[in-house]
Number of protein chains: 2
Amino acid sequence: VQRLPRPVLERLPRYLRILEQELLNHNDYTSSLYLGSEIGVEEFQVRKDLAFVDIQGIPGKGYPVRELSGALKNLLGLNVSTTAVVIGAGRLGQALTQYPGFSSFGLKIVGLLDIDENKVGEKVGDLEILSAVNSSSLIRKMQVDMAIITVPAQEAQHVADEVIAGQVRAIWNFAPVVLEVPPTVFVRNEDLTIGLAFLCHFLASTPARTKKL
Amino acid sequence: VQRLPRPVLERLPRYLRILEQELLNHNDYTSSLYLGSEIGVEEFQVRKDLAFVDIQGIPGKGYPVRELSGALKNLLGLNVSTTAVVIGAGRLGQALTQYPGFSSFGLKIVGLLDIDENKVGEKVGDLEILSAVNSSSLIRKMQVDMAIITVPAQEAQHVADEVIAGQVRAIWNFAPVVLEVPPTVFVRNEDLTIGLAFLCHFLASTPARTKKL
């Protein structure tokens, strides 16, 4: 698979999300104008981005949604299996471990670790919580692709160091902190405050309805 | 507060996220080039977007990070208090209810509701789980700004109908489904599969390290 430029890679999954909505809405074709307006870029940019997959738009109809979605999934590596461990068996870690939407994108969570010895041995779905103390050798043995970090902010860098020593190639970071990692390791930060900012702006800029309504 | 165009509103919170990273890294100034490369847009677009706040870049230095961050928070409505109820007291709902990062952005979660009568009365932090059965009158009485929906996909539309009848003005939807809402209600969909796509593409496009490493 070719490596995409980062700005393109920022946008393709978002097109994919819109396309999946279109499929749910039984729309067989969609336009670059619509895709652009939904994710906040110009139409020409959408067309440039979609040139990375070999799907042609049909004049007067637009892009075929199902084909485009399938081609994007291929390009994004969502059609191959990815293994991950979750570090931090708090509520978020447990929620992610059992999130039903991941398996259709090829993600298999094969381990759930926590530093708290009182949690070790508890079951979450099919997984038994394992000790995260000196976890690098365990993670290396598991040969996982990715670590999902859901520990508190102040513990996250230490956990990142451990999983990198355990030879994961990517980190999905849910701790609200910037991780320092070697350039060979890919980090994706998941920050819920972005969504929150979106909502708060809407509320702040829209007059409240009167009591009567 | 003026209402921002949706594409701009898509991008401003993401600049804010980068600015907060810059602050953590003790960088006092940042550039439109850097901001653009981090979120995947061209430099000229960054400058156009940042014209919505009255912060000037300094030639040769760039934008002052702290001032720009503060101005964006004001513009995005993150400096005023927002109240919310969480519907769905599963693991994700409980995790969000106790997420420590929200309060600094003015979000106060004042209720946690679930349809499961066995959960009603349990405590999550300071909140007691309330019944989500016929919740619209309860939500109307609470006068909350926002509902956070963390129920399974097949229940989400029904819950959305209830909270809209309860006069919330915005919905933060974590269920992987497209909600139908009146145009006066703002919906933000939070879809973790976007982050997952990002990681999977990196893994698929990068050769695995050899065992030797």
# chains A, B, ... in the order shown; residues from 1 in each chain; ligands from 1
$ select_by_dssp --residues "range 42-156 of chain A" --states "strand (DSSP E)" --output "list in words"
Tyr63, Pro64, Thr82, Thr83, Ala84, Val85, Val86, Ile87, Leu107, Lys108, Ile109, Val110, Gly111, Leu112, Leu113, Asp114, Lys123, Val124, Leu127, Glu128, Leu130, Ser131, Met146, Ala147, Ile148 and Ile149 of chain A
$ write_last_selection --atoms "C-alpha atoms" --output "compact mmCIF listing (two decimals), in the first residue's frame"
# COMPACT_ATOMS: atom_id res chain seq x y z
CA TYR A 63 -19.28 9.27 -7.35
CA PRO A 64 -20.72 5.77 -6.84
CA THR A 82 -4.91 -5.21 13.12
CA THR A 83 -4.17 -6.39 16.66
CA ALA A 84 -4.06 -4.15 19.70
CA VAL A 85 -3.66 -4.13 23.46
CA VAL A 86 -5.51 -1.65 25.66
CA ILE A 87 -3.46 -0.24 28.55
CA LEU A 107 -9.35 -4.29 14.74
CA LYS A 108 -8.94 -7.13 17.20
CA ILE A 109 -8.20 -6.26 20.82
CA VAL A 110 -6.16 -9.15 22.19
CA GLY A 111 -5.18 -7.84 25.61
CA LEU A 112 -6.33 -5.49 28.37
CA LEU A 113 -3.71 -4.42 30.91
CA ASP A 114 -3.82 -2.35 34.07
CA LYS A 123 -12.87 -10.46 33.14
CA VAL A 124 -14.01 -7.85 30.60
CA LEU A 127 -10.47 -10.89 28.14
CA GLU A 128 -8.90 -11.26 31.54
CA LEU A 130 -3.41 -8.61 32.88
CA SER A 131 -0.80 -6.74 34.89
CA MET A 146 -0.90 -1.18 18.25
CA ALA A 147 -1.33 -0.02 21.84
CA ILE A 148 -4.41 1.90 22.93
CA ILE A 149 -3.53 4.10 25.91
$ residues_around --residues "Ala165 in chain B" --least-positions-apart "3" --cutoff "10 Å" --atoms "only C-alpha atoms" --output "NGL selection string"
:B and (135-137 or 139-140 or 159-162 or 168)
$ residues_around --residues "range 179-185 of chain B" --least-positions-apart "4" --cutoff "10 Å" --atoms "only C-alpha atoms" --output "list in words"
Phe202, Leu203, Thr206 and Arg209 of chain A; Met146, Ala153, Ala156, Gln157, His158, Val159, Ala160, Asp161, Ile164, Gln167, Val168, Arg169, Ala170, Ile171, Asn173, Ala175 and Asn189 of chain B
$ interface_residues --of "chain B" --to "chain A" --cutoff "8 Å" --atoms "only C-alpha atoms" --output "PyMOL selection string"
chain B and resi 1-3+6-11+13-14+17+21+24+37-41+75-78+80+82+91-92+94-95+101-102+105+145+169-172+176+178+186-188+190+193-195+197-206+208
$ closest_residue --among "B:Gly60, B:Lys48, B:Thr97, B:Val53" --to "Ser31 in chain B" --atoms "only C-alpha atoms"
B:Gly60
$ atom_distance --atom1 "CA of Ser103 in chain B" --atom2 "CA of Ser32 in chain B"
28.9 Å
$ select_by_dssp --residues "range 53-101 of chain A" --states "helix (DSSP H, G or I)" --output "NGL selection string"
:A and (65-75 or 91-97)
$ write_last_selection --atoms "C-alpha atoms" --output "PDB file, in the first residue's frame"
ATOM      1  CA  VAL A  65     -20.897   5.577  -3.032  1.00  0.00           C
ATOM      2  CA  ARG A  66     -20.374   1.849  -2.511  1.00  0.00           C
ATOM      3  CA  GLU A  67     -17.394   1.544  -4.859  1.00  0.00           C
ATOM      4  CA  LEU A  68     -15.754   4.675  -3.496  1.00  0.00           C
ATOM      5  CA  SER A  69     -16.235   3.487   0.086  1.00  0.00           C
ATOM      6  CA  GLY A  70     -14.728   0.080  -0.708  1.00  0.00           C
ATOM      7  CA  ALA A  71     -11.753   1.614  -2.485  1.00  0.00           C
ATOM      8  CA  LEU A  72     -11.088   3.992   0.412  1.00  0.00           C
ATOM      9  CA  LYS A  73     -11.250   1.124   2.916  1.00  0.00           C
ATOM     10  CA  ASN A  74      -8.655  -0.752   0.850  1.00  0.00           C
ATOM     11  CA  LEU A  75      -6.410   2.279   0.605  1.00  0.00           C
ATOM     12  CA  ARG A  91     -14.175   2.807  32.212  1.00  0.00           C
ATOM     13  CA  LEU A  92     -12.878   4.142  28.894  1.00  0.00           C
ATOM     14  CA  GLY A  93     -10.459   1.237  28.418  1.00  0.00           C
ATOM     15  CA  GLN A  94     -13.212  -1.264  29.122  1.00  0.00           C
ATOM     16  CA  ALA A  95     -15.621   0.558  26.815  1.00  0.00           C
ATOM     17  CA  LEU A  96     -13.116   0.486  23.960  1.00  0.00           C
ATOM     18  CA  THR A  97     -12.307  -3.170  24.594  1.00  0.00           C
TER      19      THR A  97
END
$ atom_distance --atom1 "CA of His26 in chain A" --atom2 "CA of Gly62 in chain A"
14.6 Å
